[in-house]
Amino acid sequence: MFGLVRTSRSCNIKGYVLRNQALLAQPIHGVSANQTRSNSTAPAYEGHIPLHWVEKTVLAVGSAFMSITDPRRGDMIAALGETTAGSSLPRLRDALLYSSEGRRILRDRPRVNSTTVDMDQLAQYPEGTFGRAYITWLERCGVTPDTREPVHYIDDPELAYVMQRYRECHDFYHCICNLPVNVESELALKFFEFFNLGLPVTAISAAFGPIRLNSQKRARLYSEYVPWALRCGGSARNLITVYWEKRWDQDVEEMKKEFGIWDPPEARWTRPLSEAKAAAAKRHQAAGAKHF
């Protein structure tokens, strides 16, 4: 559900917070100004917007309301995820630290976008590899990896990166689980992510998202997709620990076996796989021509 239409409206969030500054600056009965503020209001990383707990509470409530009423507000969905993350991010960070692959992720801090990932190079990987599967998935869904909101409201830089990593790897989860970008498939993946990662925003999406479905699709979500998400997401390897960019040349089916993932019930795709494969092959030919 949330994030299905991805837009960047960071400035709107900033304006939302600033409009509440006058209210938030007023003394709270029994609480001093120093108590309501965090120890430091200086940004801890590029794009960081320090907020005290009252501001975070207002933003959490406001972003939750906006996310439910208008799922196209990608900025509000991102803010909701950050203001409700709680102890889930330290737990995911610990999962990264317990894994050798995860420690490499924390050390390298890779980013996923069209600048850091060579799409033409992915198109040259053989059929059946993860790199080729990912570029085919992008072609089939008509999306790019450049639509993820930057993190603003998480104070710890390392935890902020963990949240950013989750966002930027979300499409990898779609790809490895063979799910398109539509409301029912997005909700199926949100259930999977909740059972696998435990992020509160995924639970909020899973709880309120089904109201957007008709009765038939809602019934299928609960009878087919949710049981799959519970069993598969709950038993699979924690996907935050996967260094996807180091696995472009790996066989997708081998990866699924390694992670303990199996395909969900067949999803509804708007574009045939044959067309997406043809588009990926065309990209492959164009990329190959550049080398001559």
# chains A, B, ... in the order shown; residues from 1 in each chain; ligands from 1
>>> select_by_dssp(residues="range 26-259 of chain A", states="helix (DSSP H, G or I)", output="MDAnalysis selection string")
chainID A and resid 33:36 53:69 74:83 88:98 100:108 119:123 130:141 157:176 183:197 200:212 215:235 239:241 244:246 252:259
>>> residues_around(residues="Gln164 in chain A", least_positions_apart="6", cutoff="9 Å", atoms="only C-alpha atoms", output="VMD selection string")
chain A and resid 111 148 to 151
>>> closest_residue(among="A:Asp251, A:Asp94, A:Asp155, A:Glu258", to="Ala42 in chain A", atoms="only C-alpha atoms")
A:Asp155
>>> closest_residue(among="A:Phe192, A:Phe259, A:Trp269, A:Tyr166", to="Gly233 in chain A", atoms="only C-alpha atoms")
A:Phe192
>>> closest_atom_pairs(of="range 143-243 of chain A", to="range 58-82 of chain A", cutoff="9 Å", atoms="only C-alpha atoms", output="Markdown table")
| residue | atom | partner | partner_atom | distance |
| --- | --- | --- | --- | --- |
| A:Arg148 | CA | A:Gly74 | CA | 8.5 |
| A:Glu149 | CA | A:Ala78 | CA | 6.6 |
| A:Pro150 | CA | A:Ala78 | CA | 8.3 |
| A:Val151 | CA | A:Glu82 | CA | 7.5 |
| A:His152 | CA | A:Ala79 | CA | 7.9 |
| A:Tyr153 | CA | A:Glu82 | CA | 6.1 |
| A:Ile154 | CA | A:Glu82 | CA | 6.2 |
| A:Ala160 | CA | A:Glu82 | CA | 8.5 |
| A:Met163 | CA | A:Glu82 | CA | 7.7 |
| A:Arg167 | CA | A:Ala78 | CA | 8.9 |
| A:Leu199 | CA | A:Gly81 | CA | 7.9 |
| A:Pro200 | CA | A:Gly81 | CA | 7.2 |
| A:Val201 | CA | A:Gly81 | CA | 5.0 |
| A:Thr202 | CA | A:Gly81 | CA | 8.2 |
| A:Ile204 | CA | A:Ala64 | CA | 8.7 |
| A:Ser205 | CA | A:Ile68 | CA | 8.4 |
| A:Phe208 | CA | A:Ile68 | CA | 7.1 |
| A:Gly209 | CA | A:Ile68 | CA | 7.8 |
>>> write_last_selection(atoms="all heavy atoms", output="compact mmCIF listing (two decimals), in the first residue's frame")
# COMPACT_ATOMS: atom_id res chain seq x y z
N ARG A 148 13.49 6.71 -3.50
CA ARG A 148 13.42 6.54 -2.05
C ARG A 148 13.76 7.82 -1.31
O ARG A 148 14.76 8.48 -1.60
CB ARG A 148 14.38 5.42 -1.61
CG ARG A 148 14.01 4.06 -2.17
CD ARG A 148 12.61 3.66 -1.79
NE ARG A 148 12.18 2.44 -2.45
CZ ARG A 148 10.96 1.95 -2.40
NH1 ARG A 148 10.03 2.60 -1.73
NH2 ARG A 148 10.66 0.84 -3.03
N GLU A 149 12.91 8.17 -0.35
CA GLU A 149 13.12 9.36 0.46
C GLU A 149 14.39 9.22 1.31
O GLU A 149 14.65 8.15 1.86
CB GLU A 149 11.93 9.57 1.40
CG GLU A 149 10.67 10.07 0.73
CD GLU A 149 10.72 11.56 0.47
OE1 GLU A 149 11.51 12.26 1.15
OE2 GLU A 149 9.96 12.03 -0.40
N PRO A 150 15.16 10.29 1.45
CA PRO A 150 16.29 10.25 2.38
C PRO A 150 15.78 10.32 3.82
O PRO A 150 14.70 10.84 4.10
CB PRO A 150 17.08 11.51 2.03
CG PRO A 150 16.07 12.44 1.43
CD PRO A 150 15.09 11.56 0.70
N VAL A 151 16.56 9.78 4.73
CA VAL A 151 16.20 9.78 6.15
C VAL A 151 16.47 11.17 6.73
O VAL A 151 17.51 11.78 6.45
CB VAL A 151 17.00 8.71 6.92
CG1 VAL A 151 16.75 8.82 8.42
CG2 VAL A 151 16.62 7.33 6.42
N HIS A 152 15.54 11.66 7.57
CA HIS A 152 15.69 12.98 8.18
C HIS A 152 15.60 12.97 9.71
O HIS A 152 16.25 13.78 10.36
CB HIS A 152 14.60 13.93 7.66
CG HIS A 152 14.72 14.26 6.21
ND1 HIS A 152 15.80 14.90 5.66
CD2 HIS A 152 13.86 14.04 5.19
CE1 HIS A 152 15.62 15.06 4.36
NE2 HIS A 152 14.45 14.54 4.05
N TYR A 153 14.77 12.11 10.29
CA TYR A 153 14.36 12.29 11.67
C TYR A 153 14.90 11.25 12.64
O TYR A 153 14.44 11.18 13.78
CB TYR A 153 12.82 12.33 11.74
CG TYR A 153 12.25 13.36 10.81
CD1 TYR A 153 11.60 12.98 9.64
CD2 TYR A 153 12.40 14.71 11.08
CE1 TYR A 153 11.09 13.93 8.76
CE2 TYR A 153 11.89 15.67 10.21
CZ TYR A 153 11.25 15.27 9.05
OH TYR A 153 10.76 16.22 8.19
N ILE A 154 15.85 10.43 12.21
CA ILE A 154 16.51 9.48 13.11
C ILE A 154 17.83 10.10 13.54
O ILE A 154 18.66 10.46 12.69
CB ILE A 154 16.72 8.13 12.42
CG1 ILE A 154 15.35 7.51 12.10
CG2 ILE A 154 17.55 7.19 13.29
CD1 ILE A 154 15.41 6.28 11.25
N ALA A 160 20.21 5.68 11.21
CA ALA A 160 19.64 6.35 10.04
C ALA A 160 20.03 5.60 8.77
O ALA A 160 19.21 5.43 7.86
CB ALA A 160 20.13 7.79 9.96
N MET A 163 17.87 2.44 8.36
CA MET A 163 16.57 2.76 7.79
C MET A 163 16.69 3.04 6.29
O MET A 163 15.87 2.57 5.49
CB MET A 163 15.95 3.96 8.50
CG MET A 163 14.64 4.46 7.89
SD MET A 163 13.32 3.21 7.87
CE MET A 163 12.71 3.35 9.56
N ARG A 167 14.92 0.98 3.05
CA ARG A 167 14.14 1.60 1.99
C ARG A 167 14.70 1.26 0.61
O ARG A 167 13.95 0.93 -0.31
CB ARG A 167 14.13 3.12 2.17
CG ARG A 167 13.27 3.61 3.29
CD ARG A 167 13.31 5.10 3.38
NE ARG A 167 12.59 5.56 4.56
CZ ARG A 167 12.70 6.77 5.08
NH1 ARG A 167 13.50 7.66 4.52
NH2 ARG A 167 12.01 7.10 6.16
N LEU A 199 9.66 -4.04 11.48
CA LEU A 199 9.52 -2.59 11.51
C LEU A 199 8.06 -2.20 11.75
O LEU A 199 7.17 -2.69 11.06
CB LEU A 199 10.00 -1.98 10.20
CG LEU A 199 11.51 -1.91 10.00
CD1 LEU A 199 11.83 -1.60 8.54
CD2 LEU A 199 12.14 -0.86 10.91
N PRO A 200 7.80 -1.31 12.71
CA PRO A 200 6.41 -0.93 13.00
C PRO A 200 5.65 -0.36 11.81
O PRO A 200 4.46 -0.60 11.67
CB PRO A 200 6.57 0.12 14.11
CG PRO A 200 7.84 -0.26 14.80
CD PRO A 200 8.74 -0.74 13.70
N VAL A 201 6.34 0.40 10.94
CA VAL A 201 5.63 0.99 9.80
C VAL A 201 5.07 -0.07 8.88
O VAL A 201 4.01 0.13 8.25
CB VAL A 201 6.55 1.96 9.03
CG1 VAL A 201 7.66 1.21 8.29
CG2 VAL A 201 5.74 2.83 8.07
N THR A 202 5.71 -1.23 8.80
CA THR A 202 5.17 -2.30 7.97
C THR A 202 3.90 -2.86 8.60
O THR A 202 2.98 -3.24 7.87
CB THR A 202 6.20 -3.42 7.78
OG1 THR A 202 6.56 -3.99 9.06
CG2 THR A 202 7.47 -2.88 7.12
N ILE A 204 1.80 -1.09 10.46
CA ILE A 204 0.77 -0.06 10.25
C ILE A 204 0.21 -0.16 8.83
O ILE A 204 -1.00 -0.10 8.61
CB ILE A 204 1.36 1.34 10.52
CG1 ILE A 204 1.76 1.47 11.99
CG2 ILE A 204 0.35 2.42 10.16
CD1 ILE A 204 2.56 2.73 12.30
N SER A 205 1.12 -0.33 7.86
CA SER A 205 0.69 -0.48 6.48
C SER A 205 -0.19 -1.71 6.30
O SER A 205 -1.22 -1.67 5.63
CB SER A 205 1.90 -0.58 5.56
OG SER A 205 2.71 0.57 5.63
N PHE A 208 -3.78 -1.11 7.99
CA PHE A 208 -4.73 -0.16 7.40
C PHE A 208 -4.82 -0.27 5.88
O PHE A 208 -5.80 0.18 5.27
CB PHE A 208 -4.36 1.27 7.79
CG PHE A 208 -4.57 1.56 9.25
CD1 PHE A 208 -3.51 1.49 10.14
CD2 PHE A 208 -5.82 1.90 9.72
CE1 PHE A 208 -3.69 1.75 11.49
CE2 PHE A 208 -6.02 2.16 11.07
CZ PHE A 208 -4.96 2.08 11.96
N GLY A 209 -3.82 -0.85 5.25
CA GLY A 209 -3.81 -0.94 3.79
C GLY A 209 -4.97 -1.71 3.19
O GLY A 209 -5.50 -1.30 2.14
>>> closest_residue(among="A:Ser185, A:Ser87, A:Ser114, A:Thr57", to="Glu224 in chain A", atoms="only C-alpha atoms")
A:Ser185
>>> residues_around(residues="Ala203 in chain A", least_positions_apart="6", cutoff="12 Å", atoms="only C-alpha atoms", output="count of residues only")
19
>>> atom_distance(atom1="CA of Pro126 in chain A", atom2="CA of Gln250 in chain A")
9.8 Å
>>> residues_around(residues="Ile240 in chain A", least_positions_apart="3", cutoff="8 Å", atoms="only C-alpha atoms", output="ChimeraX atom specification")
/A:92,95-96,102,165-166,197
